[in-house]
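To start, the structure itself, in structure tokens.
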Amino acid sequence: MNVASTGTGRDMGILSDFEDRMGASIEGFFAGAFRSPVQPAELAKSLGRAMDDGRVIGIGKVYVPTAYAVALSPEDDEQLGSFKPTLGGELATYLVDHAREAGYALSAKPVVTFIVSEELRLGRFRVSAALAEQPAEQPAGAQRRRPTITPEGGIATVTVGGLEHDVALRGEQVVVGRLADCQIHLPDVNVSRRHAAFIRMDDGWAIEDLDSTNGTLLNGKTVERARLHDGDIIEIGVTQLVYHDPMG
């Protein structure tokens, strides 16, 4: 993930401001002893690319994700320790600046959270982003509202930062599992590493069990693959995921 920046002069300007702020924060917090090989500037650049990749065209506006997650190795997570809230706040400010410079519309201030992935080695990281619900002020018809998943109960930590965030279903599939880099992360021993997936169909979405150990329930019944309808409840481990489809 740690790739060199090919950004514009505009990007380099806001990145330079970010590095100046981070330098002061690190000096004050660690007295110069910032030891993690995961560098804040590399995180900022990767998050900026995730914002660019997640943009959605509306009428007269371009909307971008507001919820971001950074997956770290256990070693890097430990070394960052209690500095993570400060780092997350500075990264969120960088994303606000990035959106402003690019002319993107934000429905809320970006939130950056950190999760641990056992799959990552020291110095490696992954970032992910998710769109919030379509803003109320967006003109009707600007885009069709996407089906969403709402976690209810259990211990779900959606990759983008917690239960307060619905997950807009995008792409061809959205994977649910115990691995930290699953789009919907369930840190539950009853959940398989890659437990199930929401699969796009021509006329909507389906839930498919990925040969999990404990199975996937749809409205209380075990399923291997089933078409979803508005209000359906998917149970994975101790967590319920409610499917919402504005088209029914």
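Following the order of the structure tokens, chains are lettered A, B, ..., residues in each are numbered from 1, and ligands are numbered from 1.
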message: Applying 12 Å and only C-alpha atoms, which residues near Leu91 (chain A) remain after dropping the ones on its own chain fewer than 2 positions away? List them as a PyMOL selection string.
response: chain A and resi 14-15+17-19+21-22+39-48+66-70+84-89+93-98+109-114
DSSP-assigned alpha helix (DSSP H) members of region 22-138 of chain A, reported as a ChimeraX atom specification: /A:22-30,40-53,74-80,84-102
message: Taking only C-alpha atoms into account, name the residue in A:Ala129, A:Val189, A:Val167, A:Ala105 that is nearest to Gly60 (chain A).
response: A:Ala105
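Among the candidate residues A:Ile207, A:Val62, A:Val223, A:Ala168, the one lying nearest to Asp245 (chain A) is A:Ala168, with distances computed using only C-alpha atoms.
One finds CA of Phe125 (chain A) at 26.8 Å from CA of Gly237 (chain A).
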task: May I have the residues within 9 Å of Pro147 (chain A) as a VMD selection string, using only C-alpha atoms and disregarding those fewer than 6 positions away in the same chain?
output: chain A and resid 167 to 170 204 to 205 230 243 to 247
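Note that the spacing between CA of Val116 (chain A) and CA of Asp77 (chain A) amounts to 6.7 Å.
Put simply, CA of Gln79 (chain A) is 9.4 Å away from CA of Pro37 (chain A).
Counting only C-alpha atoms, the residue from A:Val38, A:Leu241, A:Ile233, A:Val191 that sits nearest to Gly215 (chain A) is A:Val191.
For Arg194 (chain A), the non-local neighbours within 12 Å, defined as residues at least 4 positions apart in the same chain or in other chains and counting only C-alpha atoms, are Val174, Val175, Val176, Gly177, Arg178, Leu179, Ala180, Asp181, Cys182, Gln183, Ile184, His185, Leu186, Pro187, Asp188, Asn190, Phe198, Glu208, Asp209, Leu210, Asp211, Ser212, Thr213, Asn214, Gly215, Thr216 and Ile236 of chain A.
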Dump N, CA and C atoms for the selected residues as a short mmCIF file (atom, residue, chain, number, x, y, z; two decimals), in the first residue's frame?
data_model
loop_
_atom_site.label_atom_id
_atom_site.label_comp_id
_atom_site.auth_asym_id
_atom_site.auth_seq_id
_atom_site.Cartn_x
_atom_site.Cartn_y
_atom_site.Cartn_z
N VAL A 174 -19.96 -7.49 -1.27
CA VAL A 174 -19.52 -6.91 -0.02
C VAL A 174 -19.35 -8.07 0.96
N VAL A 175 -18.11 -8.29 1.41
CA VAL A 175 -17.80 -9.48 2.21
C VAL A 175 -17.96 -9.18 3.69
N VAL A 176 -18.52 -10.15 4.41
CA VAL A 176 -18.69 -10.08 5.86
C VAL A 176 -17.82 -11.17 6.48
N GLY A 177 -17.05 -10.81 7.50
CA GLY A 177 -16.24 -11.84 8.14
C GLY A 177 -15.42 -11.32 9.30
N ARG A 178 -14.63 -12.24 9.86
CA ARG A 178 -13.80 -11.89 11.02
C ARG A 178 -12.50 -11.19 10.63
N LEU A 179 -12.07 -11.33 9.37
CA LEU A 179 -10.87 -10.63 8.93
C LEU A 179 -11.11 -9.12 8.97
N ALA A 180 -10.11 -8.39 9.43
CA ALA A 180 -10.28 -6.94 9.59
C ALA A 180 -10.47 -6.23 8.27
N ASP A 181 -10.01 -6.82 7.15
CA ASP A 181 -10.16 -6.11 5.88
C ASP A 181 -11.44 -6.50 5.13
N CYS A 182 -12.32 -7.27 5.77
CA CYS A 182 -13.66 -7.47 5.19
C CYS A 182 -14.41 -6.14 5.26
N GLN A 183 -15.25 -5.88 4.26
CA GLN A 183 -15.99 -4.61 4.26
C GLN A 183 -16.87 -4.48 5.49
N ILE A 184 -17.45 -5.58 5.94
CA ILE A 184 -18.18 -5.60 7.21
C ILE A 184 -17.44 -6.56 8.13
N HIS A 185 -16.82 -6.00 9.14
CA HIS A 185 -15.92 -6.74 10.03
C HIS A 185 -16.65 -7.11 11.31
N LEU A 186 -16.75 -8.40 11.60
CA LEU A 186 -17.40 -8.88 12.81
C LEU A 186 -16.37 -9.61 13.68
N PRO A 187 -15.81 -8.93 14.68
CA PRO A 187 -14.79 -9.56 15.54
C PRO A 187 -15.43 -10.50 16.55
N ASP A 188 -15.93 -11.61 16.05
CA ASP A 188 -16.72 -12.55 16.83
C ASP A 188 -16.18 -13.95 16.55
N ASN A 190 -17.55 -16.65 16.66
CA ASN A 190 -18.55 -17.47 15.97
C ASN A 190 -18.58 -17.21 14.47
N PHE A 198 -22.57 -10.27 0.43
CA PHE A 198 -23.71 -9.72 -0.30
C PHE A 198 -23.30 -9.65 -1.77
N GLU A 208 -24.93 -14.73 0.30
CA GLU A 208 -24.35 -16.04 0.00
C GLU A 208 -23.40 -16.45 1.11
N ASP A 209 -23.59 -17.63 1.65
CA ASP A 209 -22.69 -18.16 2.66
C ASP A 209 -21.41 -18.63 1.98
N LEU A 210 -20.24 -18.29 2.56
CA LEU A 210 -18.95 -18.64 1.96
C LEU A 210 -18.36 -19.85 2.67
N ASP A 211 -19.14 -20.92 2.73
CA ASP A 211 -18.70 -22.16 3.39
C ASP A 211 -18.26 -21.88 4.83
N SER A 212 -19.03 -21.09 5.53
CA SER A 212 -18.69 -20.74 6.90
C SER A 212 -18.86 -21.94 7.83
N THR A 213 -18.24 -21.87 9.00
CA THR A 213 -18.34 -22.96 9.97
C THR A 213 -19.72 -23.03 10.60
N ASN A 214 -20.28 -21.88 10.98
CA ASN A 214 -21.54 -21.86 11.73
C ASN A 214 -22.75 -21.46 10.92
N GLY A 215 -22.56 -21.19 9.63
CA GLY A 215 -23.69 -20.92 8.77
C GLY A 215 -24.20 -19.49 8.83
N THR A 216 -25.08 -19.18 7.88
CA THR A 216 -25.69 -17.85 7.75
C THR A 216 -27.20 -18.01 7.77
N ILE A 236 -25.39 -13.39 11.44
CA ILE A 236 -24.04 -13.95 11.31
C ILE A 236 -23.40 -13.87 12.68
#
